[in-house]
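Each remark here refers to the structure printed beneath this line.
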Amino acid sequence: MAESIIRLENISVALGGEQILKNLNLNIGDKEFVTLLGPSGCGKTTTLRIIGGFQRQDSGNVFFANEIINDLPPYKRNVNTVFQKYALFPHLTVFGNIAYGLRMQKVPKEERKTREKEIKKRVEEMLALVNLRGFENRDISSLSGGQQQRVAIARALINKPHVLLLDEPLGALDLKLRKEMQIELKNIQIKTGITFIYVTHDQEEALTMSDIVVVMKGGEIQQIGTPQDIYNEPKNAFVADFIGESNILPGVMLEDYRVEICGRLFECVDKGFEDNEKVGVVVRPEDIEIKPEKEGFLHGVVKSCVFKGVHYEMTVEQVNYPYTWLVHSTDAADIGDRVGICFYPNDIHVMKGEDIDYSVFSNVPEEDEEE
Amino acid sequence: MKPLPKFRLTRTAFAYPYLVFAIIFLVAPLILVIFYSFTRQIDNYSVYKNFENSPEIIIDNLDFIGYDEDSSLSRIGTYYYDGEKLTIVNYRPKHPETYRVFFEDGKISNIEEYDGEELIAQDLDNVKFLNKLTGFYFTIDNFVRFFNNGDSMKVFLRSIYIAFMSTVFCLLIGFPTAYVLSKMKERTRNIVSVMFLLPMWINFLLRTYAWRTLVEKTGIINTILGSVGLPAQNLMYTQGAVILVMVYDFLPFMILPIYNTLIKIDRSLIEASYDLGANHYRTLFRVIFPLAIPGISSGITMTFVPAITAFAISKIMGGTQCATIGEEIERVFNNDMWFGSAMSVIIMVLMLASMFLISGKDSDSDNIGGGLI
């Protein structure tokens, strides 16, 4: 991990009698793209607000480059924020909005004369960075959502902050624009070398852009890791379920590399569990192959088959075992067909299974939640 | 014959009586006032004389020819003579003066003021009254008279000054109050805003008289000053006293609209300002104040408009020294409703203009941007 720029130490916050953050510890490295990912109300926005200085923690410390900044007001922190609904100043033009941060800086008297010129130059640079050249004199209300988003980013970046906080900045955009902006944001982050702390509830967004993903739930961090780690080696059932759709089953680890699921023995690549330990097993739907009945390890009846563009999304009810598999396959199957289910040792992800409540997982794809 | 349109008792049909009501009771007086302001009454007198006897007649005061005290323009009004009778138009009986009308070859050659000897009764024998005609004619005389008259202009400018100062003080007190109010917790906020509204439940004349007892020469303030050994202050019947009571009376009208816009300002905008390096002071002036402009402008309208037309306050607190245009209109209207109407139309135009100016600023504020402040 790169040199630490922001460090949260034992942060706890309660709002209105509800514990929002519970003893949170987080270390964010310089020049990283870190995403805080979690469902609504998991405390990710609160974490961001604590870093930004808009929310005071009840206990714990916030470090910025190894200095405690607990008592520093937001306007003295070298951190800028892109707000959820952009929070652009409606009484200012695009230029006025972007230049706002510069105008707030204290300038020695000698430089005042050349200041306006410099502001103009810097704003133009920023507009170029976010692809909004020529929009200087436009009204905020005349911009589309995507353009407003860009203005918000330019406004936050103009003071050259060490850290940029982004609070679900793409939440209000349509899917296509969101995808474009994801790539653009990532490019801006690489170009400027600024640490991005990004809050989202969209797992795909998190995986696409981040260097590090922090999965949160109920005010606690569930897992910190690279997108690959998080996706492939979820630490618990919550992470597995939240990051992409999955089949999560109870299993028993008979010994290293051997796990029992659905009453059958499978080979796997995990080790380090106790013998006969109860575990949770994750199999991603896209890793499952649908084969003719005889060739599969497990057998089932196709209950539904929906065309999703890239693949068919199928649910397959297993024969002789009460579980319905979620399968993403490029081959279609008819409803009612008996098929074989097949997956490989590499695709079986074993995790600690103490407190898995299997009843909460369903194979119905979740709708995007709005916060 | 065409069949009458069928009347259907729909829900909107119940609105029509109100529409009629609105037209009669709101629009009609307005139209009437505007009509009056552009007209004057005609009093036409026709007199004729036996021209053969003398080349001139003297028309006596009282009954026919008058002039405006304050205007040299319509000294005698217009007159015409058709060879037999002399008709004098636009004549005002309340301000009498005597004129001498000269004839030459049976036609009027000149009319001039008569300040010679007393009239001889027999001269009047030559003059006979004909019919008295009344009616109206369109003119802008009322307005011309207003602007040419030093006294009414003085009163007019004084009212604008008093209303302006009251509005400024209301804004200076009202904005910080509204700001503090908007920052309070909801419970305290409700209690405090009720305290601001409480005086409005008392009749405002009573409130004004209450101030009088405070400010009077033998009033409470002077009593207290006297008991401490300080000289009594002459506070009553000054412009200051009028402005003080106006500020007191109209302050809630300034606070409430500003307060309403302030509590609606998106919290994240203020946070964004802090985030970008603006401290509390700068955020107040760069973000909160510009965003509160709609409230400020409606607050200004709601204090300036009643302040400029108020006449009770200036009458009670200012006496004759600080007569405002409202008082002046009230006084003039009894004698000369055409002139009074013109004065109120001038005030109306002024208020419309100021409102237009304020609301124009308001909608512009989106475009002007950073240059505004």
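Chains: A, B, ... in order of the structure tokens. Residues: from 1 per chain. Ligands: from 1, in order shown.
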
Compile the contact shell of region 305-313 of chain A as an NGL selection string: residues with an atom at most 9 Å away, counting only C-alpha atoms, same-chain residues fewer than 6 positions apart removed.
:A and (285-286 or 326-335)

How about saving the chosen residues, N, CA and C atoms kept, as a compact mmCIF listing (two decimals), in the first residue's frame?
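Saved as part-v5.txt:
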# COMPACT_ATOMS: atom_id res chain seq x y z
N PRO A 285 -22.72 -17.14 -10.63
CA PRO A 285 -23.62 -17.72 -11.66
C PRO A 285 -22.96 -17.85 -13.02
N GLU A 286 -22.01 -16.92 -13.33
CA GLU A 286 -21.41 -17.00 -14.67
C GLU A 286 -20.37 -18.11 -14.76
N LEU A 326 -28.73 -20.02 -9.47
CA LEU A 326 -28.79 -18.93 -10.43
C LEU A 326 -27.66 -19.14 -11.43
N VAL A 327 -28.01 -19.14 -12.69
CA VAL A 327 -27.02 -19.48 -13.70
C VAL A 327 -27.04 -18.41 -14.79
N HIS A 328 -25.85 -17.96 -15.17
CA HIS A 328 -25.73 -17.10 -16.34
C HIS A 328 -25.07 -17.91 -17.43
N SER A 329 -25.80 -18.15 -18.48
CA SER A 329 -25.25 -19.02 -19.52
C SER A 329 -25.51 -18.39 -20.87
N THR A 330 -24.61 -18.67 -21.80
CA THR A 330 -24.82 -18.14 -23.14
C THR A 330 -25.74 -19.06 -23.94
N ASP A 331 -25.96 -20.26 -23.41
CA ASP A 331 -26.88 -21.17 -24.10
C ASP A 331 -28.25 -21.08 -23.44
N ALA A 332 -29.26 -21.10 -24.27
CA ALA A 332 -30.61 -21.06 -23.73
C ALA A 332 -31.07 -22.47 -23.38
N ALA A 333 -32.01 -22.56 -22.51
CA ALA A 333 -32.63 -23.85 -22.22
C ALA A 333 -34.11 -23.60 -22.05
N ASP A 334 -34.92 -24.60 -22.33
CA ASP A 334 -36.36 -24.41 -22.20
C ASP A 334 -36.77 -24.65 -20.76
N ILE A 335 -37.83 -23.95 -20.39
CA ILE A 335 -38.35 -24.14 -19.03
C ILE A 335 -38.87 -25.56 -18.92

Write out as a PDB file with N, CA and C atoms, in the first residue's frame every residue belonging to chain A that has an atom at most 10 Å from any atom of chain B, counting only C-alpha atoms.
ATOM      1  N   GLY A  52     -14.404  14.823   5.340  1.00  0.00           N
ATOM      2  CA  GLY A  52     -14.575  16.177   4.813  1.00  0.00           C
ATOM      3  C   GLY A  52     -14.685  17.228   5.902  1.00  0.00           C
ATOM      4  N   GLY A  53     -15.031  16.814   7.105  1.00  0.00           N
ATOM      5  CA  GLY A  53     -15.132  17.747   8.216  1.00  0.00           C
ATOM      6  C   GLY A  53     -16.539  18.260   8.442  1.00  0.00           C
ATOM      7  N   PHE A  54     -17.525  17.665   7.794  1.00  0.00           N
ATOM      8  CA  PHE A  54     -18.899  18.131   7.951  1.00  0.00           C
ATOM      9  C   PHE A  54     -19.597  17.455   9.113  1.00  0.00           C
ATOM     10  N   PRO A  73     -11.847  22.852  10.632  1.00  0.00           N
ATOM     11  CA  PRO A  73     -13.107  23.019   9.892  1.00  0.00           C
ATOM     12  C   PRO A  73     -12.910  22.657   8.429  1.00  0.00           C
ATOM     13  N   PRO A  74     -14.004  22.386   7.716  1.00  0.00           N
ATOM     14  CA  PRO A  74     -13.880  21.915   6.326  1.00  0.00           C
ATOM     15  C   PRO A  74     -13.062  22.857   5.455  1.00  0.00           C
ATOM     16  N   TYR A  75     -13.182  24.182   5.703  1.00  0.00           N
ATOM     17  CA  TYR A  75     -12.506  25.104   4.802  1.00  0.00           C
ATOM     18  C   TYR A  75     -11.016  25.178   5.032  1.00  0.00           C
ATOM     19  N   LYS A  76     -10.538  24.482   6.069  1.00  0.00           N
ATOM     20  CA  LYS A  76      -9.090  24.450   6.266  1.00  0.00           C
ATOM     21  C   LYS A  76      -8.504  23.098   5.903  1.00  0.00           C
ATOM     22  N   ARG A  77      -9.337  22.170   5.458  1.00  0.00           N
ATOM     23  CA  ARG A  77      -8.817  20.851   5.116  1.00  0.00           C
ATOM     24  C   ARG A  77      -8.446  20.807   3.643  1.00  0.00           C
ATOM     25  N   ASN A  78      -7.380  20.124   3.367  1.00  0.00           N
ATOM     26  CA  ASN A  78      -6.927  20.012   1.983  1.00  0.00           C
ATOM     27  C   ASN A  78      -7.665  18.875   1.285  1.00  0.00           C
ATOM     28  N   VAL A  79      -8.970  18.959   1.393  1.00  0.00           N
ATOM     29  CA  VAL A  79      -9.842  17.909   0.900  1.00  0.00           C
ATOM     30  C   VAL A  79     -11.010  18.603   0.224  1.00  0.00           C
ATOM     31  N   ASN A  80     -11.417  18.142  -0.931  1.00  0.00           N
ATOM     32  CA  ASN A  80     -12.608  18.713  -1.555  1.00  0.00           C
ATOM     33  C   ASN A  80     -13.616  17.621  -1.866  1.00  0.00           C
ATOM     34  N   THR A  81     -14.840  18.043  -2.011  1.00  0.00           N
ATOM     35  CA  THR A  81     -15.925  17.079  -2.119  1.00  0.00           C
ATOM     36  C   THR A  81     -16.746  17.318  -3.377  1.00  0.00           C
ATOM     37  N   VAL A  82     -17.131  16.222  -4.010  1.00  0.00           N
ATOM     38  CA  VAL A  82     -18.156  16.294  -5.055  1.00  0.00           C
ATOM     39  C   VAL A  82     -19.428  15.760  -4.407  1.00  0.00           C
ATOM     40  N   PHE A  83     -20.424  16.630  -4.299  1.00  0.00           N
ATOM     41  CA  PHE A  83     -21.595  16.264  -3.511  1.00  0.00           C
ATOM     42  C   PHE A  83     -22.569  15.426  -4.322  1.00  0.00           C
ATOM     43  N   GLN A  84     -23.411  14.738  -3.556  1.00  0.00           N
ATOM     44  CA  GLN A  84     -24.318  13.770  -4.159  1.00  0.00           C
ATOM     45  C   GLN A  84     -25.192  14.402  -5.233  1.00  0.00           C
ATOM     46  N   LYS A  85     -25.798  15.564  -4.883  1.00  0.00           N
ATOM     47  CA  LYS A  85     -26.634  16.218  -5.898  1.00  0.00           C
ATOM     48  C   LYS A  85     -25.889  17.432  -6.443  1.00  0.00           C
ATOM     49  N   TYR A  86     -24.613  17.305  -6.553  1.00  0.00           N
ATOM     50  CA  TYR A  86     -23.696  18.306  -7.141  1.00  0.00           C
ATOM     51  C   TYR A  86     -23.548  19.561  -6.296  1.00  0.00           C
ATOM     52  N   ALA A  87     -24.650  20.042  -5.691  1.00  0.00           N
ATOM     53  CA  ALA A  87     -24.594  21.252  -4.863  1.00  0.00           C
ATOM     54  C   ALA A  87     -23.896  22.395  -5.583  1.00  0.00           C
ATOM     55  N   LEU A  88     -24.232  22.590  -6.841  1.00  0.00           N
ATOM     56  CA  LEU A  88     -23.673  23.737  -7.570  1.00  0.00           C
ATOM     57  C   LEU A  88     -24.420  24.994  -7.154  1.00  0.00           C
ATOM     58  N   PHE A  89     -23.700  26.117  -7.131  1.00  0.00           N
ATOM     59  CA  PHE A  89     -24.335  27.366  -6.713  1.00  0.00           C
ATOM     60  C   PHE A  89     -25.239  27.880  -7.831  1.00  0.00           C
ATOM     61  N   PRO A  90     -26.528  27.941  -7.597  1.00  0.00           N
ATOM     62  CA  PRO A  90     -27.427  28.316  -8.689  1.00  0.00           C
ATOM     63  C   PRO A  90     -27.297  29.776  -9.094  1.00  0.00           C
ATOM     64  N   HIS A  91     -26.715  30.612  -8.229  1.00  0.00           N
ATOM     65  CA  HIS A  91     -26.626  32.031  -8.560  1.00  0.00           C
ATOM     66  C   HIS A  91     -25.346  32.356  -9.320  1.00  0.00           C
ATOM     67  N   LEU A  92     -24.521  31.374  -9.572  1.00  0.00           N
ATOM     68  CA  LEU A  92     -23.274  31.629 -10.295  1.00  0.00           C
ATOM     69  C   LEU A  92     -23.283  30.875 -11.617  1.00  0.00           C
ATOM     70  N   THR A  93     -22.496  31.367 -12.563  1.00  0.00           N
ATOM     71  CA  THR A  93     -22.358  30.666 -13.835  1.00  0.00           C
ATOM     72  C   THR A  93     -21.398  29.497 -13.644  1.00  0.00           C
ATOM     73  N   VAL A  94     -21.194  28.772 -14.728  1.00  0.00           N
ATOM     74  CA  VAL A  94     -20.228  27.673 -14.695  1.00  0.00           C
ATOM     75  C   VAL A  94     -18.872  28.222 -14.247  1.00  0.00           C
ATOM     76  N   PHE A  95     -18.492  29.339 -14.850  1.00  0.00           N
ATOM     77  CA  PHE A  95     -17.202  29.940 -14.505  1.00  0.00           C
ATOM     78  C   PHE A  95     -17.162  30.310 -13.027  1.00  0.00           C
ATOM     79  N   GLY A  96     -18.213  30.979 -12.571  1.00  0.00           N
ATOM     80  CA  GLY A  96     -18.266  31.414 -11.174  1.00  0.00           C
ATOM     81  C   GLY A  96     -18.186  30.242 -10.221  1.00  0.00           C
ATOM     82  N   ASN A  97     -18.853  29.151 -10.578  1.00  0.00           N
ATOM     83  CA  ASN A  97     -18.827  27.971  -9.730  1.00  0.00           C
ATOM     84  C   ASN A  97     -17.426  27.390  -9.635  1.00  0.00           C
ATOM     85  N   ILE A  98     -16.796  27.242 -10.794  1.00  0.00           N
ATOM     86  CA  ILE A  98     -15.484  26.599 -10.790  1.00  0.00           C
ATOM     87  C   ILE A  98     -14.454  27.508 -10.126  1.00  0.00           C
ATOM     88  N   ALA A  99     -14.581  28.817 -10.373  1.00  0.00           N
ATOM     89  CA  ALA A  99     -13.596  29.750  -9.823  1.00  0.00           C
ATOM     90  C   ALA A  99     -13.797  29.996  -8.328  1.00  0.00           C
ATOM     91  N   TYR A 100     -14.927  29.537  -7.793  1.00  0.00           N
ATOM     92  CA  TYR A 100     -15.265  29.852  -6.395  1.00  0.00           C
ATOM     93  C   TYR A 100     -14.130  29.495  -5.431  1.00  0.00           C
ATOM     94  N   GLY A 101     -13.600  28.284  -5.592  1.00  0.00           N
ATOM     95  CA  GLY A 101     -12.548  27.834  -4.689  1.00  0.00           C
ATOM     96  C   GLY A 101     -11.319  28.729  -4.748  1.00  0.00           C
ATOM     97  N   LEU A 102     -10.961  29.142  -5.970  1.00  0.00           N
ATOM     98  CA  LEU A 102      -9.785  30.006  -6.132  1.00  0.00           C
ATOM     99  C   LEU A 102     -10.023  31.374  -5.511  1.00  0.00           C
ATOM    100  N   ARG A 103     -11.237  31.879  -5.693  1.00  0.00           N
ATOM    101  CA  ARG A 103     -11.541  33.211  -5.170  1.00  0.00           C
ATOM    102  C   ARG A 103     -11.515  33.226  -3.650  1.00  0.00           C
ATOM    103  N   MET A 104     -11.695  32.071  -3.041  1.00  0.00           N
ATOM    104  CA  MET A 104     -11.716  32.014  -1.586  1.00  0.00           C
ATOM    105  C   MET A 104     -10.317  31.966  -0.991  1.00  0.00           C
ATOM    106  N   GLN A 105      -9.325  31.756  -1.861  1.00  0.00           N
ATOM    107  CA  GLN A 105      -7.966  31.682  -1.333  1.00  0.00           C
ATOM    108  C   GLN A 105      -7.444  33.065  -1.003  1.00  0.00           C
ATOM    109  N   LYS A 106      -6.620  33.107   0.021  1.00  0.00           N
ATOM    110  CA  LYS A 106      -6.015  34.392   0.370  1.00  0.00           C
ATOM    111  C   LYS A 106      -4.840  34.646  -0.565  1.00  0.00           C
ATOM    112  N   ASN A 137     -19.822  30.656 -19.598  1.00  0.00           N
ATOM    113  CA  ASN A 137     -20.854  31.627 -19.242  1.00  0.00           C
ATOM    114  C   ASN A 137     -22.250  31.036 -19.185  1.00  0.00           C
ATOM    115  N   ARG A 138     -22.297  29.717 -19.221  1.00  0.00           N
ATOM    116  CA  ARG A 138     -23.613  29.096 -19.176  1.00  0.00           C
ATOM    117  C   ARG A 138     -24.161  29.124 -17.757  1.00  0.00           C
ATOM    118  N   ASP A 139     -25.492  29.122 -17.711  1.00  0.00           N
ATOM    119  CA  ASP A 139     -26.175  29.033 -16.430  1.00  0.00           C
ATOM    120  C   ASP A 139     -26.169  27.588 -15.958  1.00  0.00           C
ATOM    121  N   ILE A 140     -26.094  27.424 -14.638  1.00  0.00           N
ATOM    122  CA  ILE A 140     -26.105  26.069 -14.106  1.00  0.00           C
ATOM    123  C   ILE A 140     -27.390  25.348 -14.491  1.00  0.00           C
ATOM    124  N   SER A 141     -28.505  26.086 -14.438  1.00  0.00           N
ATOM    125  CA  SER A 141     -29.790  25.429 -14.694  1.00  0.00           C
ATOM    126  C   SER A 141     -29.935  25.007 -16.153  1.00  0.00           C
ATOM    127  N   ALA A 152     -19.232  20.058 -11.258  1.00  0.00           N
ATOM    128  CA  ALA A 152     -18.993  19.780  -9.840  1.00  0.00           C
ATOM    129  C   ALA A 152     -17.592  19.206  -9.638  1.00  0.00           C
ATOM    130  N   ARG A 155     -15.037  21.974 -10.177  1.00  0.00           N
ATOM    131  CA  ARG A 155     -15.051  22.902  -9.053  1.00  0.00           C
ATOM    132  C   ARG A 155     -14.277  22.324  -7.866  1.00  0.00           C
ATOM    133  N   ALA A 156     -14.442  21.007  -7.669  1.00  0.00           N
ATOM    134  CA  ALA A 156     -13.774  20.393  -6.525  1.00  0.00           C
ATOM    135  C   ALA A 156     -12.284  20.222  -6.768  1.00  0.00           C
ATOM    136  N   LEU A 157     -11.905  20.112  -8.048  1.00  0.00           N
ATOM    137  CA  LEU A 157     -10.495  19.833  -8.339  1.00  0.00           C
ATOM    138  C   LEU A 157      -9.635  21.084  -8.436  1.00  0.00           C
ATOM    139  N   ILE A 158     -10.268  22.254  -8.596  1.00  0.00           N
ATOM    140  CA  ILE A 158      -9.489  23.438  -8.963  1.00  0.00           C
ATOM    141  C   ILE A 158      -8.527  23.866  -7.858  1.00  0.00           C
ATOM    142  N   ASN A 159      -8.862  23.533  -6.614  1.00  0.00           N
ATOM    143  CA  ASN A 159      -7.963  23.905  -5.517  1.00  0.00           C
ATOM    144  C   ASN A 159      -6.831  22.900  -5.335  1.00  0.00           C
ATOM    145  N   PRO A 161      -6.759  19.639  -4.453  1.00  0.00           N
ATOM    146  CA  PRO A 161      -6.785  18.999  -3.136  1.00  0.00           C
ATOM    147  C   PRO A 161      -5.918  17.740  -3.139  1.00  0.00           C
TER     148      PRO A 161
END

Rank nothing, just name the residue among A:Leu48, A:Leu8, A:Met253, A:Ile261 nearest to Gly60 (chain A), using only C-alpha atoms.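 Using only C-alpha atoms, the shortest distance to Gly60 (chain A) belongs to A:Leu8.
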
If you count only C-alpha atoms, which residues fall within 10 Å of region 308-320 of chain B, apart from same-chain ones fewer than 6 positions away, as a compact mmCIF listing (two decimals) with C-alpha atoms, in the first residue's frame?
# COMPACT_ATOMS: atom_id res chain seq x y z
CA PHE B 156 -43.54 63.32 -1.94
CA ARG B 158 -40.06 63.17 2.18
CA SER B 159 -42.33 60.13 2.04
CA ILE B 160 -39.92 58.35 -0.25
CA TYR B 161 -37.10 59.17 2.13
CA ILE B 162 -39.02 57.95 5.19
CA ALA B 163 -40.14 54.77 3.43
CA PHE B 164 -36.64 54.18 2.11
CA SER B 166 -37.60 52.39 7.16
CA THR B 167 -36.94 49.70 4.56
CA PHE B 204 -51.54 48.57 14.49
CA LEU B 205 -53.08 51.88 15.51
CA ARG B 207 -49.39 49.71 18.68
CA THR B 208 -48.57 53.11 17.26
CA TYR B 209 -50.31 54.87 20.14
CA TRP B 211 -45.19 54.00 20.97
CA ARG B 212 -46.51 57.48 21.41
CA VAL B 215 -41.77 58.61 23.09
CA GLU B 216 -43.87 61.60 24.12
CA LEU B 235 -38.38 62.62 20.23
CA MET B 236 -41.99 63.12 19.27
CA TYR B 237 -42.95 64.74 15.98
CA THR B 238 -39.68 64.00 14.28
CA GLN B 239 -38.89 61.96 11.23
CA GLY B 240 -36.93 59.67 13.50
CA ALA B 241 -40.06 58.83 15.47
CA VAL B 242 -41.98 58.07 12.30
CA ILE B 243 -39.21 55.85 10.96
CA LEU B 244 -38.89 54.09 14.33
CA VAL B 245 -42.54 53.12 14.44
CA MET B 246 -42.57 52.15 10.78
CA ASP B 249 -44.61 47.86 12.42
CA GLY B 326 -50.54 59.36 2.21
CA GLU B 327 -51.67 62.15 4.48
CA GLU B 328 -51.43 64.65 1.65
CA ILE B 329 -53.61 62.52 -0.58
CA GLU B 330 -56.14 62.14 2.16
CA SER B 344 -52.19 58.31 -5.85
CA ILE B 347 -47.47 56.70 -6.03
CA MET B 348 -48.84 53.63 -7.73
CA LEU B 350 -43.60 54.54 -8.31
CA MET B 351 -44.44 51.36 -6.47

Taking the DSSP secondary structure from the backbone, can you list the residues of region 54-254 of chain A that are helix (DSSP H, G or I), as a PyMOL selection string? chain A and resi 74-76+94-103+109-129+140-142+145-157+175-192+203-209+227-232+237-242

message: When DSSP is applied to the backbone of this structure, which of region 126-368 of chain B are assigned strand (DSSP E or B)? Write them out as number ranges by chain.
response: B: 128-138

_At a cut-off of 9 Å, using only C-alpha atoms, what residues contact Lys291 (chain A)? Leave out same-chain residues fewer than 3 positions from it and give the result as a PyMOL selection string._
chain A and resi 294-296+339-342

Using the selection just defined, write its residues with C-alpha atoms as a PDB file, in the first residue's frame.
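What ended up in again_28.pdb:
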ATOM      1  CA  LYS A 294     -25.781 -36.855 -17.881  1.00  0.00           C
ATOM      2  CA  GLU A 295     -22.655 -34.715 -18.005  1.00  0.00           C
ATOM      3  CA  GLY A 296     -23.400 -32.537 -14.988  1.00  0.00           C
ATOM      4  CA  VAL A 339     -30.144 -30.154 -17.178  1.00  0.00           C
ATOM      5  CA  GLY A 340     -26.798 -30.885 -15.634  1.00  0.00           C
ATOM      6  CA  ILE A 341     -24.938 -28.268 -13.589  1.00  0.00           C
ATOM      7  CA  CYS A 342     -21.215 -28.153 -13.796  1.00  0.00           C
TER       8      CYS A 342
END

Counting only C-alpha atoms, the residue among B:Thr303, B:Ser182, B:Gln233, B:Gln41 that lies closest to Phe169 (chain B) is B:Thr303

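Counting from CA of Tyr198 (chain A), the distance to CA of Met181 (chain A) is 13.2 Å.
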
Excluding region 201-214 of chain A and residues on its chain fewer than 4 positions from it, collect all residues at most 8 Å away from it, counting only C-alpha atoms, and give them as a VMD selection string. chain A and resid 32 to 40 168 182 to 183 186 221 to 228 230 242 to 244 368 to 369

Writing out the chosen residues with N, CA and C atoms as an mmCIF file, in the first residue's frame:
data_model
loop_
_atom_site.group_PDB
_atom_site.id
_atom_site.type_symbol
_atom_site.label_atom_id
_atom_site.label_comp_id
_atom_site.auth_asym_id
_atom_site.auth_seq_id
_atom_site.Cartn_x
_atom_site.Cartn_y
_atom_site.Cartn_z
ATOM 1 N N GLU A 32 -4.493 6.775 -4.345
ATOM 2 C CA GLU A 32 -5.300 5.597 -4.618
ATOM 3 C C GLU A 32 -6.729 5.992 -4.941
ATOM 4 N N PHE A 33 -7.386 5.108 -5.628
ATOM 5 C CA PHE A 33 -8.809 5.264 -5.866
ATOM 6 C C PHE A 33 -9.510 4.279 -4.956
ATOM 7 N N VAL A 34 -10.050 4.792 -3.865
ATOM 8 C CA VAL A 34 -10.658 3.927 -2.855
ATOM 9 C C VAL A 34 -12.174 4.100 -2.922
ATOM 10 N N THR A 35 -12.874 2.984 -2.936
ATOM 11 C CA THR A 35 -14.328 3.054 -2.967
ATOM 12 C C THR A 35 -14.899 2.505 -1.673
ATOM 13 N N LEU A 36 -15.811 3.277 -1.081
ATOM 14 C CA LEU A 36 -16.575 2.761 0.049
ATOM 15 C C LEU A 36 -17.876 2.231 -0.518
ATOM 16 N N LEU A 37 -18.082 0.941 -0.358
ATOM 17 C CA LEU A 37 -19.219 0.290 -0.989
ATOM 18 C C LEU A 37 -20.102 -0.326 0.077
ATOM 19 N N GLY A 38 -21.388 -0.145 -0.082
ATOM 20 C CA GLY A 38 -22.286 -0.778 0.870
ATOM 21 C C GLY A 38 -23.709 -0.364 0.603
ATOM 22 N N PRO A 39 -24.648 -1.044 1.228
ATOM 23 C CA PRO A 39 -26.053 -0.693 1.018
ATOM 24 C C PRO A 39 -26.390 0.619 1.723
ATOM 25 N N SER A 40 -27.587 1.140 1.475
ATOM 26 C CA SER A 40 -28.022 2.366 2.127
ATOM 27 C C SER A 40 -27.932 2.228 3.632
ATOM 28 N N GLU A 168 -21.463 9.386 -4.055
ATOM 29 C CA GLU A 168 -22.356 8.861 -5.097
ATOM 30 C C GLU A 168 -22.549 9.868 -6.224
ATOM 31 N N GLN A 182 -17.693 6.995 -15.511
ATOM 32 C CA GLN A 182 -16.812 6.117 -14.726
ATOM 33 C C GLN A 182 -15.414 6.116 -15.324
ATOM 34 N N ILE A 183 -15.385 5.926 -16.646
ATOM 35 C CA ILE A 183 -14.086 5.880 -17.324
ATOM 36 C C ILE A 183 -13.389 7.234 -17.196
ATOM 37 N N LYS A 186 -11.991 7.897 -13.755
ATOM 38 C CA LYS A 186 -10.771 7.118 -13.545
ATOM 39 C C LYS A 186 -9.590 7.808 -14.254
ATOM 40 N N ILE A 221 -16.670 -2.258 8.714
ATOM 41 C CA ILE A 221 -16.039 -2.676 7.470
ATOM 42 C C ILE A 221 -16.085 -4.191 7.387
ATOM 43 N N GLN A 222 -16.564 -4.679 6.263
ATOM 44 C CA GLN A 222 -16.661 -6.120 6.082
ATOM 45 C C GLN A 222 -15.398 -6.667 5.440
ATOM 46 N N GLN A 223 -14.909 -5.946 4.460
ATOM 47 C CA GLN A 223 -13.722 -6.426 3.763
ATOM 48 C C GLN A 223 -13.053 -5.263 3.046
ATOM 49 N N ILE A 224 -11.726 -5.274 3.059
ATOM 50 C CA ILE A 224 -10.967 -4.295 2.291
ATOM 51 C C ILE A 224 -10.086 -5.067 1.336
ATOM 52 N N GLY A 225 -10.092 -4.692 0.087
ATOM 53 C CA GLY A 225 -9.228 -5.406 -0.839
ATOM 54 C C GLY A 225 -9.337 -4.855 -2.229
ATOM 55 N N THR A 226 -8.539 -5.406 -3.127
ATOM 56 C CA THR A 226 -8.636 -4.997 -4.524
ATOM 57 C C THR A 226 -9.950 -5.540 -5.070
ATOM 58 N N PRO A 227 -10.438 -4.988 -6.162
ATOM 59 C CA PRO A 227 -11.683 -5.502 -6.735
ATOM 60 C C PRO A 227 -11.618 -7.004 -6.984
ATOM 61 N N GLN A 228 -10.451 -7.466 -7.459
ATOM 62 C CA GLN A 228 -10.318 -8.904 -7.722
ATOM 63 C C GLN A 228 -10.499 -9.715 -6.450
ATOM 64 N N ILE A 230 -12.016 -8.862 -3.704
ATOM 65 C CA ILE A 230 -13.371 -8.758 -3.188
ATOM 66 C C ILE A 230 -14.306 -9.669 -3.965
ATOM 67 N N PHE A 242 -23.323 -9.131 -1.899
ATOM 68 C CA PHE A 242 -23.412 -7.737 -2.311
ATOM 69 C C PHE A 242 -22.629 -7.479 -3.578
ATOM 70 N N ILE A 243 -21.474 -8.153 -3.687
ATOM 71 C CA ILE A 243 -20.648 -7.978 -4.883
ATOM 72 C C ILE A 243 -21.125 -8.981 -5.909
ATOM 73 N N GLY A 244 -21.986 -8.588 -6.754
ATOM 74 C CA GLY A 244 -22.440 -9.474 -7.806
ATOM 75 C C GLY A 244 -23.414 -10.502 -7.291
ATOM 76 N N ASP A 368 -31.342 -1.887 -8.099
ATOM 77 C CA ASP A 368 -30.452 -0.838 -7.569
ATOM 78 C C ASP A 368 -31.200 -0.051 -6.513
ATOM 79 N N GLU A 369 -30.637 0.028 -5.335
ATOM 80 C CA GLU A 369 -31.337 0.800 -4.308
ATOM 81 C C GLU A 369 -31.000 2.270 -4.461
#
